[in-house]
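> Before I ask anything, here is the structure I am working with.
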Amino acid sequence: MRVIMRIPEKKEFTFSGPKKVREILRELKMNPEATLVIKGNTLLTLDDVVEDGEEIEVRSAISGG
Amino acid sequence: RLCKVCKAKAVIELPQHNTAFCREHFLAYFENQVRRAIQDFRMFTTEDRILVAVSGGKDSLVLWEVLLRLGYRADGLYIDLGIGDYSAASREKAEAFAAARGATLRIVSLKEQYDVTVPELARSLRRPACSGCGLAKRYLFNLEAEKGEYDVLATGHNLDDEAATLFGNVLHWNLEALRRQSPVLEAENGFRRKVKPLIRLTERETAAYAILTGIDYIVEECPHAVGARSHLYKELLNQLELHSPGAKRQFLLGFYERGRAAIEGATERPEVRPCKVCGQPTVAEVCSFCRMMQRVGVDEVRLMTAAGVE
Amino acid sequence: RLCKVCKAKAVIELPQHNTAFCREHFLAYFENQVRRAIQDFRMFTTEDRILVAVSGGKDSLVLWEVLLRLGYRADGLYIDLGIGDYSAASREKAEAFAAARGATLRIVSLKEQYDVTVPELARSLRRPACSGCGLAKRYLFNLEAEKGEYDVLATGHNLDDEAATLFGNVLHWNLEALRRQSPVLEAENGFRRKVKPLIRLTERETAAYAILTGIDYIVEECPHAVGARSHLYKELLNQLELHSPGAKRQFLLGFYERGRAAIEGATERPEVRPCKVCGQPTVAEVCSFCRMMQRVGVDEVRLMTAAGVE
Ligand SMILES: [Zn+2]
Ligand SMILES: [Zn+2]
Ligand SMILES: [Zn+2]
Ligand SMILES: [Zn+2]
């Protein structure tokens with residue numbers, strides 16, 4: 001699977017699936033309290049599973065201001 | 001995980017409420033929280049004309065969207081600060097949002113009105129860009145609201161923004177800032193009424209609302225905001241939240257309910273009067289915006305003209 | 001890195017003061033900070049008889065050591081809570097410390113006086129052990145000070161302890177607790193004067209002082225304290241400190257200088273009177289210690305006898 005991050009900088013990761021969202025966030029060291037996982041036009045919860053060949057975006061919800 | 005209301009598959013978990021929602025019920029929950037903030041703090045009614053400060057980011061666009069959905073009379077104000085590609089891209093998002101909804105977007109450009117941009121300000125003043133930027137935004141927001149005769153100014157500050165500010169104010173025991181921190185600042189001495197309808201919702205919730213309603217916002221951060229102190233405070237509060245869900249919310253709402261009143265009586269309110277140059281309210285002879293602009297070479301006539309003073 | 005004073009090799013760096021010290025100058029710095037806290041907050045004089053609450057841990061033994069070195073009249077009080085090996089080991093440390101210095105150590109045993117231990121209390125009450133433990137310590141400390149006619153009670157709370165407590169109180173906006181949080185609580189209504197002379201020094205500094213002066217303290221934590229909320233607060237504050245050295249200190253001392261006064265006026269002081277059973281001060285009819293003990297079967301006569309009431 002492809003995991004895309006846009007902020008603070010553009011990055012891309014590849015994981016082998018199936019894998020739970022919770023696991024993906026743990027490996028990326030992202031705090032679930034400040035993160036959304038986007039697939040298409042919807043969101044995934046921590047127990048959702050991402051399969052090989054799928055693409056998701058992990059987006060930090062923290063912004064300045 | 002299933003939606004608490006309809007048992008359909010959930011799209012978002014909210015540990016602070018120990019719950020989860022499907023798309024439909026999350027949007028309903030979100031709009032309800034905004035409605036509740038507006039009512040609890042008596043922010044405005046459907047009669048009032050509201051000006052929303054729109055940056056092109058998630059919070060301000062989501063706020064505008066929800067106010068329109070709830071039937072309020074809300075226009076947007078975009079302030080173009082001339083921060084290169086970032087300003088261009090964020091302005092486009094704001095314009096596209098307004099056009100798609102047939103909503104009114106007012107635009108003020110620092111470059112057009114004062115022939116200076118935020119990066120230029122920062123360079124001449126040798127100050128961090130964010131301080132000049134915040135000052136300019138506050139000033140122009142109030143000025144434009146006056147010109148457009150709006151009753152209320154609304155900003156998209158969310159729970160995380162406010163909790164981080166509160167954390168910083170408490171760490172330094174800045175009593176004056178604590179007194180001023182409020183979901184509603186009443187109109188007085190030439191300042192318009194100011195409100196923050198998103199204070200019951202976290203940053204993560206506003207981002208989720210934007211994604212689930214298809215609001216196209218600028219994801220990139222302002223290049224000047226990187227490494228800001230408020231990020232550190234937000235991170236620490238989110239770590240706390242991870243261990244005790246709801247802690248952030250309790251911290252902020254508890255302050256509004258009890259802490260603020262306790263501190264309010266102990267600080268003095270400075271006297272406010274009109275700026276000798278532009279007429280906007282200030283505690284000095286000349287307001288800090290005019291002083292900043294004069295230091296970078298903007299002349300008095302231009303400041304007066306932009307402010308609509310003869 | 002070299003000692004700021006004498007340029008010998010440093011043994012400790014203090015980022016919050018942007019400095020480093022050799023052994024000798026660190027000890028001098030440390031004792032000076034204690035002296036300064038005592039003076040700034042007018043804690044006590046060389047005339048006063050001081051009772052130090054000694055747990056066998058680093059903070060209380062270091063406090064006792066410094067007070068003796070500075071020439072104060074300080075005795076120790078060890079309260080044996082009956083927490084298995086932990087109590088036995090910590091009591092030994094306290095006794096050895098006193099013996100080596102020819103200092104007076106008073107000992108009170110919960111088991112001997114009331115025939116109950118903290119683990120038994122926790123089991124019967126089905127409450128976390130720490131709540132009963134804190135209550136018992138506070139009660140017996142005050143009672144013993146009265147019996148021994150001490151002028152002041154001193155505890156080893158350090159900057160991290162106090163900053164963590166403050167953080168918790170602020171997170172919950174517990175105004176009553178904020179009002180009571182102070183380096184000095186004046187004597188009133190049967191409570192003796194209480195002071196915290198280590199509040200200008202961090203946990204790391206007190207540990208360093210113990211090690212460099214060869215004080216043998218109990219390193220293990222009380223088995224009940226593991227995972228306490230205050231640990232999380234300390235960790236978060238230490239992360240903050242890493243990014244802005246001095247932030248913890250500023251937070252705590254700023255509260256004492258400005259925040260506390262602002263909040264003090266806004267809270268009401270509850271009325272205090274003697275407990276109907278033991279005569280110790282309380283805001284209820286019967287004090288919370290006596291109520292707790294009665295709930296686990298300790299009878300009134302025993303409570304009265306232990307308190308020296310006829
Ligand atoms: Zn649903
Ligand atoms: Zn002005
Ligand atoms: Zn030295
Ligand atoms: Zn009693």
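Following the order of the structure tokens, first chain is A, next is B, and so on, with residues numbered from 1 inside each chain and ligands from 1 in the order they appear.
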List all protein, DNA and RNA residues that have an atom no more than 10 Å from any atom of ligand 4, counting only C-alpha atoms and all ligand atoms, and report them as a ChimeraX atom specification.
/C:139,274-282,284-294,300,303-304,307
> Only N, CA, C and O atoms, please: the residues just picked out, written as an mmCIF file, in the first residue's frame.

```
data_model
loop_
_atom_site.group_PDB
_atom_site.id
_atom_site.type_symbol
_atom_site.label_atom_id
_atom_site.label_comp_id
_atom_site.auth_asym_id
_atom_site.auth_seq_id
_atom_site.Cartn_x
_atom_site.Cartn_y
_atom_site.Cartn_z
ATOM 1 N N TYR C 139 -2.342 14.315 58.348
ATOM 2 C CA TYR C 139 -2.936 14.330 59.673
ATOM 3 C C TYR C 139 -1.883 14.104 60.752
ATOM 4 O O TYR C 139 -1.781 14.865 61.718
ATOM 5 N N PRO C 274 -12.581 22.490 65.309
ATOM 6 C CA PRO C 274 -11.954 21.247 65.789
ATOM 7 C C PRO C 274 -12.832 20.024 65.513
ATOM 8 O O PRO C 274 -14.046 20.093 65.662
ATOM 9 N N CYS C 275 -12.186 18.943 65.127
ATOM 10 C CA CYS C 275 -12.876 17.664 64.917
ATOM 11 C C CYS C 275 -13.512 17.220 66.237
ATOM 12 O O CYS C 275 -12.883 17.305 67.291
ATOM 13 N N LYS C 276 -14.778 16.748 66.171
ATOM 14 C CA LYS C 276 -15.486 16.352 67.388
ATOM 15 C C LYS C 276 -14.860 15.136 68.059
ATOM 16 O O LYS C 276 -15.076 14.880 69.236
ATOM 17 N N VAL C 277 -14.110 14.363 67.290
ATOM 18 C CA VAL C 277 -13.466 13.180 67.863
ATOM 19 C C VAL C 277 -12.081 13.511 68.405
ATOM 20 O O VAL C 277 -11.797 13.356 69.586
ATOM 21 N N CYS C 278 -11.198 13.992 67.493
ATOM 22 C CA CYS C 278 -9.782 14.092 67.851
ATOM 23 C C CYS C 278 -9.322 15.513 68.149
ATOM 24 O O CYS C 278 -8.203 15.713 68.633
ATOM 25 N N GLY C 279 -10.165 16.504 67.822
ATOM 26 C CA GLY C 279 -9.783 17.885 68.106
ATOM 27 C C GLY C 279 -8.909 18.552 67.058
ATOM 28 O O GLY C 279 -8.624 19.749 67.153
ATOM 29 N N GLN C 280 -8.474 17.796 66.045
ATOM 30 C CA GLN C 280 -7.668 18.400 64.985
ATOM 31 C C GLN C 280 -8.568 19.243 64.061
ATOM 32 O O GLN C 280 -9.767 18.990 63.956
ATOM 33 N N PRO C 281 -7.987 20.237 63.397
ATOM 34 C CA PRO C 281 -8.816 21.152 62.593
ATOM 35 C C PRO C 281 -9.442 20.455 61.375
ATOM 36 O O PRO C 281 -8.821 19.607 60.759
ATOM 37 N N THR C 282 -10.664 20.859 61.063
ATOM 38 C CA THR C 282 -11.396 20.270 59.937
ATOM 39 C C THR C 282 -12.494 21.226 59.482
ATOM 40 O O THR C 282 -12.872 22.132 60.218
ATOM 41 N N ALA C 284 -15.356 19.818 58.448
ATOM 42 C CA ALA C 284 -16.575 19.045 58.707
ATOM 43 C C ALA C 284 -16.772 18.897 60.217
ATOM 44 O O ALA C 284 -16.042 19.473 61.011
ATOM 45 N N GLU C 285 -17.773 18.135 60.631
ATOM 46 C CA GLU C 285 -17.971 17.841 62.055
ATOM 47 C C GLU C 285 -16.831 16.977 62.564
ATOM 48 O O GLU C 285 -16.184 17.278 63.550
ATOM 49 N N VAL C 286 -16.627 15.861 61.828
ATOM 50 C CA VAL C 286 -15.566 14.914 62.153
ATOM 51 C C VAL C 286 -14.549 14.981 61.019
ATOM 52 O O VAL C 286 -14.926 15.023 59.850
ATOM 53 N N CYS C 287 -13.264 15.009 61.354
ATOM 54 C CA CYS C 287 -12.252 15.211 60.306
ATOM 55 C C CYS C 287 -12.154 13.987 59.400
ATOM 56 O O CYS C 287 -12.581 12.890 59.763
ATOM 57 N N SER C 288 -11.585 14.183 58.206
ATOM 58 C CA SER C 288 -11.608 13.086 57.230
ATOM 59 C C SER C 288 -10.725 11.921 57.671
ATOM 60 O O SER C 288 -10.993 10.778 57.317
ATOM 61 N N PHE C 289 -9.688 12.180 58.459
ATOM 62 C CA PHE C 289 -8.879 11.075 58.993
ATOM 63 C C PHE C 289 -9.716 10.208 59.926
ATOM 64 O O PHE C 289 -9.775 8.989 59.788
ATOM 65 N N CYS C 290 -10.373 10.838 60.881
ATOM 66 C CA CYS C 290 -11.196 10.067 61.814
ATOM 67 C C CYS C 290 -12.317 9.314 61.090
ATOM 68 O O CYS C 290 -12.611 8.149 61.406
ATOM 69 N N ARG C 291 -12.923 9.965 60.089
ATOM 70 C CA ARG C 291 -13.981 9.280 59.349
ATOM 71 C C ARG C 291 -13.436 8.047 58.629
ATOM 72 O O ARG C 291 -14.038 6.979 58.647
ATOM 73 N N MET C 292 -12.265 8.230 58.010
ATOM 74 C CA MET C 292 -11.652 7.092 57.307
ATOM 75 C C MET C 292 -11.359 5.960 58.277
ATOM 76 O O MET C 292 -11.684 4.790 58.027
ATOM 77 N N MET C 293 -10.763 6.308 59.426
ATOM 78 C CA MET C 293 -10.379 5.285 60.389
ATOM 79 C C MET C 293 -11.604 4.589 60.967
ATOM 80 O O MET C 293 -11.594 3.372 61.189
ATOM 81 N N GLN C 294 -12.656 5.354 61.221
ATOM 82 C CA GLN C 294 -13.880 4.731 61.747
ATOM 83 C C GLN C 294 -14.476 3.756 60.733
ATOM 84 O O GLN C 294 -14.968 2.688 61.097
ATOM 85 N N GLU C 300 -13.452 5.190 68.496
ATOM 86 C CA GLU C 300 -13.289 6.583 68.879
ATOM 87 C C GLU C 300 -12.260 6.769 69.979
ATOM 88 O O GLU C 300 -11.466 7.705 69.954
ATOM 89 N N LEU C 303 -8.821 6.713 68.645
ATOM 90 C CA LEU C 303 -8.528 7.944 67.905
ATOM 91 C C LEU C 303 -8.246 9.092 68.867
ATOM 92 O O LEU C 303 -7.348 9.917 68.650
ATOM 93 N N MET C 304 -9.018 9.145 69.944
ATOM 94 C CA MET C 304 -8.830 10.210 70.937
ATOM 95 C C MET C 304 -7.516 10.035 71.681
ATOM 96 O O MET C 304 -6.775 10.995 71.879
ATOM 97 N N ALA C 307 -4.568 10.951 69.675
ATOM 98 C CA ALA C 307 -4.481 12.400 69.487
ATOM 99 C C ALA C 307 -4.191 13.126 70.795
ATOM 100 O O ALA C 307 -4.062 14.355 70.822
#
```
> Find the residues near ligand 3. Use a cut-off of 10 Å, count only C-alpha atoms and all ligand atoms, and write them as a list in words.
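Protein and nucleic-acid residues within 10 Å of ligand 3: Leu2, Cys3, Lys4, Val5, Cys6, Lys7, Ala8, Lys9, Ala10, Val11, Ala20, Phe21, Cys22, Arg23, Glu24, His25, Phe26, Leu27 and Ala28 of chain C.
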> Hey, could you make a per-residue contact list for chain B against chain A with 6 Å as the cut-off, showing the nearest pair of atoms and its distance in Å to one decimal, counting only C-alpha atoms, sorted by chain and number, as a tab-separated table?

```
residue	atom	partner	partner_atom	distance
B:Val11	CA	A:Leu43	CA	5.2
B:Ile12	CA	A:Thr45	CA	5.5
B:Glu203	CA	A:Ala61	CA	5.8
B:Arg204	CA	A:Ala61	CA	5.1
B:Leu212	CA	A:Thr42	CA	6.0
B:Ala225	CA	A:Gly64	CA	5.6
```
> Set the distance at 12 Å and use only C-alpha atoms: which residues neighbour Ala187 of chain B once local chain neighbours fewer than 2 positions away are removed? I'd like the list as a PyMOL selection string.
chain B and resi 43+142+145-146+150-153+184-185+189-195+281
> Now that the selection is made, can you save its residues with C-alpha atoms as a PDB file, in the first residue's frame?

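The resulting out-v5.pdb:
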```pdb
ATOM      1  CA  MET B  43     -22.493  35.067  20.167  1.00  0.00           C
ATOM      2  CA  ASN B 142     -11.665  45.400  12.450  1.00  0.00           C
ATOM      3  CA  ALA B 145     -15.929  45.239   9.556  1.00  0.00           C
ATOM      4  CA  GLU B 146     -16.418  48.906  10.315  1.00  0.00           C
ATOM      5  CA  TYR B 150     -20.915  44.237  10.261  1.00  0.00           C
ATOM      6  CA  ASP B 151     -22.305  43.476  13.725  1.00  0.00           C
ATOM      7  CA  VAL B 152     -19.923  40.672  14.582  1.00  0.00           C
ATOM      8  CA  LEU B 153     -16.496  39.404  13.562  1.00  0.00           C
ATOM      9  CA  VAL B 184     -16.782  36.489  23.000  1.00  0.00           C
ATOM     10  CA  LEU B 185     -15.199  39.897  23.227  1.00  0.00           C
ATOM     11  CA  ASN B 189     -14.356  51.629  22.332  1.00  0.00           C
ATOM     12  CA  GLY B 190     -14.409  51.163  18.572  1.00  0.00           C
ATOM     13  CA  PHE B 191     -13.664  47.451  18.617  1.00  0.00           C
ATOM     14  CA  ARG B 192     -16.404  45.359  17.028  1.00  0.00           C
ATOM     15  CA  ARG B 193     -17.822  42.333  18.808  1.00  0.00           C
ATOM     16  CA  LYS B 194     -15.571  39.297  18.235  1.00  0.00           C
ATOM     17  CA  VAL B 195     -16.557  35.643  18.511  1.00  0.00           C
ATOM     18  CA  PRO B 281      -9.008  52.074  18.708  1.00  0.00           C
TER      19      PRO B 281
END
```
> DSSP on the backbone, helix (DSSP H, G or I) only: what residues of segment 124-191 of chain B does that give? Format it as an NGL selection string.
:B and (124-125 or 129-147 or 159-171 or 175-180)
> For the atom pair atom CA of Ala261 of chain C and atom CA of Arg179 of chain C, what is the interatomic distance in Å to one decimal place?
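It comes out at 8.3 Å.
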> Dump as number ranges by chain the residues of chain C that approach chain B to within 6 Å, counting only C-alpha atoms.
C: 171-173, 251, 254, 259, 262-263, 266
> Those residues with C-alpha atoms, as a short mmCIF file (atom, residue, chain, number, x, y, z; two decimals), in the first residue's frame please?

```cif
data_model
loop_
_atom_site.label_atom_id
_atom_site.label_comp_id
_atom_site.auth_asym_id
_atom_site.auth_seq_id
_atom_site.Cartn_x
_atom_site.Cartn_y
_atom_site.Cartn_z
CA LEU C 171 -5.86 21.76 33.87
CA HIS C 172 -8.92 21.27 36.05
CA TRP C 173 -9.19 24.92 37.08
CA PHE C 251 5.60 28.62 35.39
CA GLY C 254 5.24 33.22 38.03
CA GLY C 259 -1.18 34.09 39.42
CA ALA C 262 -5.13 37.03 41.20
CA ILE C 263 -6.99 33.86 42.10
CA ALA C 266 -11.96 34.95 43.95
#
```
> Counting only C-alpha atoms, what is within 12 Å of Leu68 of chain C, bar same-chain residues fewer than 6 positions away, as a list in words?
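Neighbouring residues, sequence-local ones excluded: Glu31, Val34, Thr46, Arg49, Ile50, Leu51, Val52, Leu61, Val62, Ala74, Asp75, Gly76, Ala98, Arg101, Gly102, Ala103 and Thr104 of chain C.
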> I'd like the neighbourhood of Leu28 of chain A as a list in words, where a residue qualifies if any of its atoms comes within 10 Å (using only C-alpha atoms), though same-chain residues fewer than 5 positions away should be ignored.
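That gives Phe13, Glu23 and Val58 of chain A.
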> If you run DSSP on the backbone here, which positions in segment 104-239 of chain B get strand (DSSP E or B)? Please write them as a list of chain:residue names.
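The residues of segment 104-239 of chain B classed as strand (DSSP E or B) are B:Leu105, B:Arg106, B:Ile107, B:Val108, B:Ser109, B:Val152, B:Leu153, B:Ala154, B:Val184, B:Leu185, B:Glu188, B:Phe191, B:Arg193, B:Lys194, B:Val195.
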> Include C-alpha atoms and write out the residues we just selected as a PDB file, in the first residue's frame.

```
ATOM      1  CA  LEU B 105     -16.140  37.403  -0.172  1.00  0.00           C
ATOM      2  CA  ARG B 106     -14.516  40.755   0.568  1.00  0.00           C
ATOM      3  CA  ILE B 107     -10.838  40.984  -0.263  1.00  0.00           C
ATOM      4  CA  VAL B 108      -8.259  43.363   1.167  1.00  0.00           C
ATOM      5  CA  SER B 109      -4.729  43.394  -0.155  1.00  0.00           C
ATOM      6  CA  VAL B 152     -19.923  40.672  14.582  1.00  0.00           C
ATOM      7  CA  LEU B 153     -16.496  39.404  13.562  1.00  0.00           C
ATOM      8  CA  ALA B 154     -16.054  35.623  13.630  1.00  0.00           C
ATOM      9  CA  VAL B 184     -16.782  36.489  23.000  1.00  0.00           C
ATOM     10  CA  LEU B 185     -15.199  39.897  23.227  1.00  0.00           C
ATOM     11  CA  GLU B 188     -16.314  48.485  23.039  1.00  0.00           C
ATOM     12  CA  PHE B 191     -13.664  47.451  18.617  1.00  0.00           C
ATOM     13  CA  ARG B 193     -17.822  42.333  18.808  1.00  0.00           C
ATOM     14  CA  LYS B 194     -15.571  39.297  18.235  1.00  0.00           C
ATOM     15  CA  VAL B 195     -16.557  35.643  18.511  1.00  0.00           C
TER      16      VAL B 195
END
```
> Could you work out how far atom CA of Glu13 of chain B lies from atom 1 (Zn, counted along the ligand's line) of ligand 1, giving the answer in Å with one decimal?
12.0 Å
